[in-house]
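Trainee: Take a look at this one; I'll ask things after.
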2 protein chains.
Amino acid sequence: MTTASVRIIPGLISILATLMIWFVVPVPEGVTSNAWHLLALFVGTVVAIIGKAMPIGALAILAITLVALTGVTNDSPSGAIKDALSGFSNSLIWLIGIAIIISRGLAKTGLGNRIGYYFISLFGKKTIGIGYALAISELVIAPVTPSNTARGGGIIHPIMKSIASSFGSSPEEGTSRKIGHYLALVNYHINPITSAMFITATAPNPLIVKLIADATGSDISITWGTWALAALLPGLVCIALVPLVVYAIYPPEIKSTPDARTYAQSKLVEMGPMSYGEKIMVAVFAMLLVLWAGVPAAIFGPDLAVNTTAVAFLGLSVLLVTGVLSWDDVLKEKSAWDTVVWFSALVMMATYLNKLGLVTWFSHVVESNIEHLGFDWAISVVILVAIYFYVHYFFASTTAHITAMFAAFYAAGLALGAPPLYLGLLLAGASSLMMSLTHYATGTSPIIFGSGYVSMENWWVMGFIMSIVNLAVWGVVGGLWWKVLGYW
Amino acid sequence: MTTASVRIIPGLISILATLMIWFVVPVPEGVTSNAWHLLALFVGTVVAIIGKAMPIGALAILAITLVALTGVTNDSPSGAIKDALSGFSNSLIWLIGIAIIISRGLAKTGLGNRIGYYFISLFGKKTIGIGYALAISELVIAPVTPSNTARGGGIIHPIMKSIASSFGSSPEEGTSRKIGHYLALVNYHINPITSAMFITATAPNPLIVKLIADATGSDISITWGTWALAALLPGLVCIALVPLVVYAIYPPEIKSTPDARTYAQSKLVEMGPMSYGEKIMVAVFAMLLVLWAGVPAAIFGPDLAVNTTAVAFLGLSVLLVTGVLSWDDVLKEKSAWDTVVWFSALVMMATYLNKLGLVTWFSHVVESNIEHLGFDWAISVVILVAIYFYVHYFFASTTAHITAMFAAFYAAGLALGAPPLYLGLLLAGASSLMMSLTHYATGTSPIIFGSGYVSMENWWVMGFIMSIVNLAVWGVVGGLWWKVLGYW
């Protein structure tokens with residue numbers, strides 16, 4: 001019942017940043033004042049989130065309130081509230097929320113412990129071995145799970161949590177750093193890389209193929225095989241690096257556990273056969289994987305195509321009907337409601353920044369300025385890719401980012417003389433790898449971040465470091481590999 | 001972990017009803033098969049809700065899943081999930097959710113108890129006196145609160161809950177029937193009546209004025225004064241009846257409390273001066289009332305017009321920034337999340353029944369059939385109004401219902417020779433009074449129902465009884481009154 005709910009200094013900085021952009025910085029030519037004011041609100045919100053002025057969900061409520069009351073997206077009050085609430089019917093939001101709720105079933109039924117012990121009994125000698133086991137699990141299913149959120153957040157993350165809790169590592173008990181912190185970061189940073197490796201590993205990749213074909217008058221038409229081959233070497237190098245880099249930066253307290261495998265095996269024996277609830281959970285996860293991979297549509301034709309989020313709802317329906325989860329379990333899964341609220345607010349703001357033309361304006365500014373610099377194509381490409389990549393600090397979805405910026409940046413690079421396929425593959429990779437940056441960069445981020453193993457500071461530090469590693473590997477190793485393949 | 005989560009018999013009846021409508025009943029001419037199939041899903045859902053096959057929130061998840069997977073609203077899977085989730089960005093949904101969360105502040109700060117004791121100290125001698133005090137409180141603010149949800153659910157309901165809990169009556173302790181059950185029903189059934197009394201007492205009333213003007217070639221243009229005068233007598237009679245009728249049907253256990261007033265006074269003395277949190281709560285409720293009443297816009301012009309839901313968000317923002325509510329308080333307010341989910345699903349289904357043309361088709365069927373019956377206008381009007389009214393069992397919003405059906409039913413009545421102003425005022429009244437029927441009839445319903453004092457059976461029984469009382473008063477007392485006024 002005190003004002004301790006607001007941290008004063010970060011709160012003031014956030015308000016100051018908002019007011020500066022809104023009132024002091026002149027609105028650039030070619031930008032509407034509404035777009036600029038929304039940018040002020042968005043920057044203020046992100047600054048407050050970074051500075052932890054209030055819990056992120058509370059900041060989301062303030063952001064929705066400000067968008068609704070200032071009318072930056074719409075002059076009419078009823079139009080403004082409609083825009084401000086639009087994030088809540090975004091299907092990615094509910095994929096995230098429902099995935100979090102479904103994974104509650106793993107803890108409730110005990111299947112989570114079983115999977116955890118099983119993984120430990122196989123790979124548990126060294127913590128780093130578990131990291132690699134998770135990475136390989138995700139890589140194996142990546143070609144057939146076109147939603148990276150479903151894959152990294154819906155399938156691998158529950159396994160990761162189960163392993164951490166089998167080692168007695170949980171945020172509630174303050175024991176994240178034992179092993180959960182490490183595994184969560186590995187879990188997260190594998191996701192952008194597997195997304196970059198296959199056209200079918202994240203939703204916007206086919207769009208990239210189309211944008212490249214359009215920009216080159218269909219001269220360059222990237223097939224599934226071309227993409228996969230091109231990404232194979234840099235992808236594998238990055239995957240090999242993730243568990244090591246995370247280990248070096250944030251070492252887990254539990255590093256070597258010589259007895260863990262036998263301990264886990266004895267625990268498995270102790271658990272005995274699977275319960276009713278565990279069996280249902282296994283069936284539901286199998287169903288999710290089969291449907292997320294699009295198996296029915298592949299066999300019986302496109303009439304059986306299903307939406308990723310609809311599949312998640314189906315999974316939850318099964319758990320409710322079978323009584324594995326009660327409706328009360330759903331309601332008390334606070335992290336799901338928290339994530340739905342804050343991610344909706346950020347997605348909404350980022351969407352309207354785009355709709356109001358700010359992103360297009362920014363792309364044009366970059367495009368025209370980079371020519372004036374007069375560097376050769378190689379340096380220009382480094383600058384272009386870096387800007388394209390790090391602007392993702394301002395996005396809550398790769399699809400929105402790619403839709404708004406890919407074509408302009410690709411065209412700018414071509415105009416500067418960059419080899420078309422080299423540049424295309426590099427920007428395509430960057431379009432997934434940029435997911436590493438923030439805890440709102442893609443749908444996977446709020447799920448893993450929401451589990452609470454990793455603080456925001458550590459999330460952002462690790463994200464920045466991985467961004468350098470991934471970009472260097474994709475640009476240099478990838479570039480050489482594509483030269484060898486004769487792609488440029 | 002058993003199937004006890006589904007009650008088998010109601011579950012089977014619900015599935016059977018769905019399958020019968022979907023596969024057995026032939027799709028009527030003029031109706032698309034998609035519209036008919038959606039009707040099957042909607043009826044199945046409502047049957048399951050009535051039969052309590054599962055908790056209503058779980059049924060909402062199943063309904064969303066079915067709409068998303070069957071594609072009744074949209075052939076493309078991504079379009080279908082978008083439609084299925086559309087309810088979640090409806091601003092009425094969030095007005096309801098946020099109002100529930102804000103009222104949590106009354107309990108947390110102790111202001112609720114203070115208000116409860118204060119009311120009791122004034123009116124607490126007889127339970128029925130408290131009922132009338134609530135009714136008059138709502139009537140007083142009705143002309144200036146155009147959102148009936150904000151009024152009945154956001155302002156009066158928290159007071160009602162506070163009174164009940166001061167009497168030690170709460171659903172959690174199984175003591176609803178002491179007094180809370182009675183007061184909740186009075187709280188609820190006053191809301192449709194006050195909505196019917198002023199053009200400015202519920203959102204769609206101005207639309208009705210326009211529809212009547214359109215249908216009569218602007219011959220009949222109802223002013224604020226005409227409406228208020230016409231509704232004054234039937235409205236006051238209904239308000240006078242509500243506390244009595246509820247008392248007769250579901251008498252409270254606590255009827256007379258001769259010592260309650262002195263007890264409440266002593267409690268107030270004991271509580272001492274208001275705390276920081278209580279003062280903030282008073283300020284927030286005052287702000288809500290002022291903004292919901294549109295005071296700034298009335299004084300300073302339409303630039304300061306604000307949306308009702310945006311105001312609710314502002315209220316919550318203030319409570320979060322001042323620390324009166326923590327973000328964790330918000331997340332653990334399970335009834336808010338519950339209501340947001342189930343009401344979204346129902347609003348979504350009802351919206352698409354309308355969008356797919358089922359309601360228009362139904363209106364036309366009624367219109368053409370009623371002429372063939374060949375009754376005189378008086379009987380025809382009774383049939384017309386009854387159908388218009390009781391079809392609200394299939395709606396989750398009066399606005400949608402009015403938009404879809406008012407014009408057709410009004411035109412049909414005029415064609416049958418009904419006096420234009422009499423019929424207009426009667427249908428206008430019915431358009432609000434039909435809110436009494438279900439626990440999803442208007443935004444106020446899920447808020448009060450969600451507090452848990454009244455079981456679904458009792459809610460529906462009381463709703464049906466009040467519908468008869470209200471319609472009789474409006475048609476007979478109203479009709480005579482309008483004759484006296486020379487309106488027909």
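Labels used: A, B, ... for chains in the order of the structure tokens, numbers from 1 for residues in each chain, and numbers from 1 for ligands as shown.
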Only residues of chain B matter here; which ones have an atom within 7 Å of chain A, counting only C-alpha atoms? Give them as number ranges by chain.
Mentor: B: 1-6, 55, 57-58, 61-62, 65, 68-69, 77-78, 81-82, 85-86, 88-89, 91, 277, 305-307, 310, 313-314, 317, 320-324, 326-327, 331-332, 334, 337-338
Trainee: At a cut-off of 12 Å, using only C-alpha atoms, what residues contact Phe362 (chain B)? Leave out same-chain residues fewer than 3 positions from it and give the result as a list of chain:residue names.
Mentor: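 Residues near the query, excluding close chain neighbours: B:Pro28, B:Glu29, B:Gly30, B:Val31, B:Ala35, B:Trp36, B:Leu353, B:Asn354, B:Leu356, B:Gly357, B:Leu358, B:Val359, B:Val365, B:Val366, B:Glu367, B:Ser368, B:Asn369, B:Ile387, B:Tyr388, B:Val391, B:His401, B:Ala404, B:Met405, B:Ala408, B:Phe409.
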Trainee: Smallest atom-to-atom distance to Gly294 (chain A): which of A:Ala412, A:Ile402, A:Pro143, A:Thr438, using only C-alpha atoms?
Mentor: A:Pro143
Trainee: Using only C-alpha atoms, can you tell me which of A:Gly235, A:Gly97, A:Pro420, A:Pro206 comes closest to Gly450 (chain A)?
Mentor: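 Selected residue with least distance to Gly450 (chain A): A:Gly97.
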Trainee: Quick one: residues within 7 Å of His189 (chain A), only C-alpha atoms, excluding same-chain residues fewer than 4 positions away - as a list in words?
Mentor: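 So the residues in contact are Leu185, Val242 and Ser436 of chain A.
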Trainee: Given the selection you just returned, output its residues as a file containing C-alpha atoms, formatted as a PDB file, in the first residue's frame.
Mentor:
ATOM      1  CA  LEU A 185      19.596 -19.518 -22.181  1.00  0.00           C
ATOM      2  CA  VAL A 242      25.716 -21.777 -28.139  1.00  0.00           C
ATOM      3  CA  SER A 436      18.237 -13.399 -29.892  1.00  0.00           C
TER       4      SER A 436
END
Trainee: In Å, with one decimal, what is the gap from CA of Ala133 (chain A) to CA of Ala201 (chain A)?
Mentor: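 According to the coordinates, CA of Ala133 (chain A) and CA of Ala201 (chain A) are separated by 18.9 Å.
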Trainee: For Glu253 (chain B), please output as a list in words all residues within 10 Å (counting only C-alpha atoms; exclusion window: fewer than 5 positions along the same chain).
Mentor: Thr127, Thr175, Ser176, Arg177, Lys178, Ile179, Gly180, His181 and Tyr182 of chain B
Trainee: Keeping only N, CA, C and O atoms, write the selected residues as a PDB file, in the first residue's frame.
Mentor:
ATOM      1  N   THR B 127     -33.443  -5.729   5.414  1.00  0.00           N
ATOM      2  CA  THR B 127     -32.710  -6.097   4.207  1.00  0.00           C
ATOM      3  C   THR B 127     -33.322  -5.438   2.980  1.00  0.00           C
ATOM      4  O   THR B 127     -32.616  -4.974   2.085  1.00  0.00           O
ATOM      5  N   THR B 175     -22.134 -18.803   2.448  1.00  0.00           N
ATOM      6  CA  THR B 175     -23.150 -18.025   3.174  1.00  0.00           C
ATOM      7  C   THR B 175     -23.838 -17.007   2.252  1.00  0.00           C
ATOM      8  O   THR B 175     -24.344 -15.982   2.717  1.00  0.00           O
ATOM      9  N   SER B 176     -23.861 -17.295   0.954  1.00  0.00           N
ATOM     10  CA  SER B 176     -24.473 -16.363   0.000  1.00  0.00           C
ATOM     11  C   SER B 176     -25.915 -16.057   0.349  1.00  0.00           C
ATOM     12  O   SER B 176     -26.373 -14.916   0.232  1.00  0.00           O
ATOM     13  N   ARG B 177     -26.646 -17.092   0.738  1.00  0.00           N
ATOM     14  CA  ARG B 177     -28.085 -16.912   0.909  1.00  0.00           C
ATOM     15  C   ARG B 177     -28.448 -16.037   2.113  1.00  0.00           C
ATOM     16  O   ARG B 177     -29.597 -15.616   2.263  1.00  0.00           O
ATOM     17  N   LYS B 178     -27.463 -15.773   2.986  1.00  0.00           N
ATOM     18  CA  LYS B 178     -27.758 -14.877   4.113  1.00  0.00           C
ATOM     19  C   LYS B 178     -28.312 -13.552   3.599  1.00  0.00           C
ATOM     20  O   LYS B 178     -29.374 -13.101   4.012  1.00  0.00           O
ATOM     21  N   ILE B 179     -27.565 -12.930   2.664  1.00  0.00           N
ATOM     22  CA  ILE B 179     -28.030 -11.647   2.133  1.00  0.00           C
ATOM     23  C   ILE B 179     -27.432 -11.333   0.755  1.00  0.00           C
ATOM     24  O   ILE B 179     -28.062 -10.672  -0.078  1.00  0.00           O
ATOM     25  N   GLY B 180     -26.232 -11.880   0.489  1.00  0.00           N
ATOM     26  CA  GLY B 180     -25.537 -11.555  -0.757  1.00  0.00           C
ATOM     27  C   GLY B 180     -26.311 -11.977  -1.994  1.00  0.00           C
ATOM     28  O   GLY B 180     -26.374 -11.248  -2.993  1.00  0.00           O
ATOM     29  N   HIS B 181     -26.907 -13.149  -1.943  1.00  0.00           N
ATOM     30  CA  HIS B 181     -27.699 -13.684  -3.047  1.00  0.00           C
ATOM     31  C   HIS B 181     -28.834 -12.721  -3.393  1.00  0.00           C
ATOM     32  O   HIS B 181     -29.052 -12.368  -4.561  1.00  0.00           O
ATOM     33  N   TYR B 182     -29.521 -12.264  -2.357  1.00  0.00           N
ATOM     34  CA  TYR B 182     -30.630 -11.325  -2.562  1.00  0.00           C
ATOM     35  C   TYR B 182     -30.143 -10.009  -3.160  1.00  0.00           C
ATOM     36  O   TYR B 182     -30.671  -9.522  -4.171  1.00  0.00           O
TER      37      TYR B 182
END
Trainee: Compile the contact shell of Val469 (chain B) as a compact mmCIF listing (two decimals) with C-alpha atoms, in the first residue's frame: residues with an atom at most 12 Å away, counting only C-alpha atoms, same-chain residues fewer than 5 positions apart removed.
Mentor:
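Saved to around05.txt:
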# COMPACT_ATOMS: atom_id res chain seq x y z
CA HIS B 189 -32.22 -6.56 -12.11
CA ILE B 193 -34.61 -1.05 -15.90
CA PRO B 234 -43.17 2.15 -15.97
CA GLY B 235 -39.53 2.51 -14.88
CA VAL B 237 -43.02 0.84 -11.04
CA CYS B 238 -40.46 -1.76 -12.12
CA ILE B 239 -37.80 -0.38 -9.77
CA ALA B 240 -40.34 -0.48 -6.94
CA LEU B 241 -41.14 -4.10 -7.79
CA VAL B 242 -37.60 -5.54 -8.13
CA LEU B 244 -40.10 -7.10 -3.62
CA VAL B 245 -40.20 -9.71 -6.38
CA VAL B 246 -36.68 -10.96 -5.62
CA ALA B 430 -37.67 -4.31 -24.47
CA LEU B 433 -35.25 -5.12 -20.34
CA MET B 434 -34.15 -8.24 -22.22
CA SER B 436 -32.51 -9.64 -17.43
CA MET B 462 -35.14 -14.95 -11.65
CA GLY B 463 -34.33 -13.60 -15.10
CA PHE B 464 -37.36 -15.24 -16.63
CA TRP B 474 -43.89 -1.71 -19.80
CA GLY B 475 -46.68 -2.90 -22.08
CA VAL B 476 -49.67 -2.18 -19.81
CA VAL B 477 -48.66 0.56 -17.35
Trainee: Please identify all polymer residues within 10 Å of region 372-386 of chain B, counting only C-alpha atoms, omitting same-chain residues fewer than 6 positions from it, and present them as a PDB file with N, CA and C atoms, in the first residue's frame.
Mentor:
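Saved to out.pdb:
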ATOM      1  N   VAL B 366     -39.730 -14.136 -39.264  1.00  0.00           N
ATOM      2  CA  VAL B 366     -40.745 -13.678 -38.320  1.00  0.00           C
ATOM      3  C   VAL B 366     -41.669 -12.671 -39.001  1.00  0.00           C
ATOM      4  N   PHE B 409     -38.054  -5.641 -36.970  1.00  0.00           N
ATOM      5  CA  PHE B 409     -39.226  -5.879 -36.127  1.00  0.00           C
ATOM      6  C   PHE B 409     -40.107  -4.629 -36.025  1.00  0.00           C
ATOM      7  N   TYR B 410     -39.448  -3.483 -35.980  1.00  0.00           N
ATOM      8  CA  TYR B 410     -40.223  -2.236 -35.917  1.00  0.00           C
ATOM      9  C   TYR B 410     -41.014  -2.053 -37.211  1.00  0.00           C
ATOM     10  N   ALA B 412     -41.989  -4.356 -39.258  1.00  0.00           N
ATOM     11  CA  ALA B 412     -43.057  -5.352 -39.325  1.00  0.00           C
ATOM     12  C   ALA B 412     -44.267  -4.902 -38.516  1.00  0.00           C
ATOM     13  N   GLY B 413     -44.013  -4.367 -37.315  1.00  0.00           N
ATOM     14  CA  GLY B 413     -45.106  -3.899 -36.466  1.00  0.00           C
ATOM     15  C   GLY B 413     -45.860  -2.729 -37.094  1.00  0.00           C
ATOM     16  N   LEU B 414     -45.128  -1.798 -37.685  1.00  0.00           N
ATOM     17  CA  LEU B 414     -45.773  -0.669 -38.356  1.00  0.00           C
ATOM     18  C   LEU B 414     -46.665  -1.159 -39.490  1.00  0.00           C
ATOM     19  N   ALA B 415     -46.155  -2.132 -40.269  1.00  0.00           N
ATOM     20  CA  ALA B 415     -46.920  -2.664 -41.394  1.00  0.00           C
ATOM     21  C   ALA B 415     -48.217  -3.308 -40.921  1.00  0.00           C
ATOM     22  N   LEU B 416     -48.192  -3.820 -39.679  1.00  0.00           N
ATOM     23  CA  LEU B 416     -49.384  -4.466 -39.137  1.00  0.00           C
ATOM     24  C   LEU B 416     -50.335  -3.455 -38.501  1.00  0.00           C
ATOM     25  N   GLY B 417     -49.969  -2.166 -38.523  1.00  0.00           N
ATOM     26  CA  GLY B 417     -50.880  -1.130 -38.056  1.00  0.00           C
ATOM     27  C   GLY B 417     -50.681  -0.689 -36.627  1.00  0.00           C
ATOM     28  N   ALA B 418     -49.568  -1.047 -36.000  1.00  0.00           N
ATOM     29  CA  ALA B 418     -49.349  -0.618 -34.621  1.00  0.00           C
ATOM     30  C   ALA B 418     -49.062   0.882 -34.600  1.00  0.00           C
ATOM     31  N   PRO B 419     -49.503   1.591 -33.531  1.00  0.00           N
ATOM     32  CA  PRO B 419     -49.208   3.021 -33.419  1.00  0.00           C
ATOM     33  C   PRO B 419     -47.689   3.212 -33.329  1.00  0.00           C
ATOM     34  N   LEU B 423     -45.346   1.541 -30.345  1.00  0.00           N
ATOM     35  CA  LEU B 423     -44.496   0.398 -30.685  1.00  0.00           C
ATOM     36  C   LEU B 423     -43.015   0.726 -30.488  1.00  0.00           C
ATOM     37  N   LEU B 426     -42.172   0.736 -26.821  1.00  0.00           N
ATOM     38  CA  LEU B 426     -42.233  -0.620 -26.266  1.00  0.00           C
ATOM     39  C   LEU B 426     -40.995  -1.426 -26.674  1.00  0.00           C
ATOM     40  N   LEU B 427     -40.647  -1.359 -27.963  1.00  0.00           N
ATOM     41  CA  LEU B 427     -39.462  -2.084 -28.428  1.00  0.00           C
ATOM     42  C   LEU B 427     -38.189  -1.490 -27.823  1.00  0.00           C
ATOM     43  N   ALA B 430     -38.036  -2.896 -24.396  1.00  0.00           N
ATOM     44  CA  ALA B 430     -37.668  -4.315 -24.474  1.00  0.00           C
ATOM     45  C   ALA B 430     -36.183  -4.481 -24.753  1.00  0.00           C
ATOM     46  N   SER B 431     -35.614  -3.563 -25.526  1.00  0.00           N
ATOM     47  CA  SER B 431     -34.205  -3.665 -25.905  1.00  0.00           C
ATOM     48  C   SER B 431     -33.265  -3.583 -24.716  1.00  0.00           C
ATOM     49  N   MET B 434     -34.556  -6.869 -21.896  1.00  0.00           N
ATOM     50  CA  MET B 434     -34.145  -8.243 -22.224  1.00  0.00           C
ATOM     51  C   MET B 434     -32.805  -8.620 -21.593  1.00  0.00           C
ATOM     52  N   SER B 467     -38.465 -10.942 -16.469  1.00  0.00           N
ATOM     53  CA  SER B 467     -38.797 -10.584 -17.849  1.00  0.00           C
ATOM     54  C   SER B 467     -40.304 -10.440 -18.008  1.00  0.00           C
ATOM     55  N   ILE B 468     -41.062 -11.329 -17.362  1.00  0.00           N
ATOM     56  CA  ILE B 468     -42.527 -11.263 -17.430  1.00  0.00           C
ATOM     57  C   ILE B 468     -43.027 -10.000 -16.736  1.00  0.00           C
ATOM     58  N   LEU B 471     -41.977  -6.825 -18.774  1.00  0.00           N
ATOM     59  CA  LEU B 471     -42.708  -6.678 -20.032  1.00  0.00           C
ATOM     60  C   LEU B 471     -44.158  -6.272 -19.768  1.00  0.00           C
ATOM     61  N   GLY B 475     -45.603  -2.850 -21.095  1.00  0.00           N
ATOM     62  CA  GLY B 475     -46.680  -2.898 -22.084  1.00  0.00           C
ATOM     63  C   GLY B 475     -47.980  -2.299 -21.567  1.00  0.00           C
TER      64      GLY B 475
END
Trainee: Which neighbours of region 258-271 of chain A fall inside 9 Å, counting only C-alpha atoms, when residues of the same chain fewer than 4 positions from it are skipped, and could you give them as a PyMOL selection string?
Mentor: chain A and resi 113-114+116-126+166-167
Trainee: What is the distance, in Å and to one decimal place, between CA of Gly168 (chain A) and CA of Leu111 (chain A)?
Mentor: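 Those two atoms sit 15.8 Å apart.
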Trainee: So what do you get for CA of Pro192 (chain A) versus CA of Ile156 (chain A), distance-wise?
Mentor: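 That distance, rounded to one decimal, is 13.4 Å.
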Trainee: Of the candidates B:Phe42, B:Trp342, B:Gly110, B:Tyr453, which one gets nearest to Gly272 (chain B) if we count only C-alpha atoms?
Mentor: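 Selected residue with least distance to Gly272 (chain B): B:Gly110.
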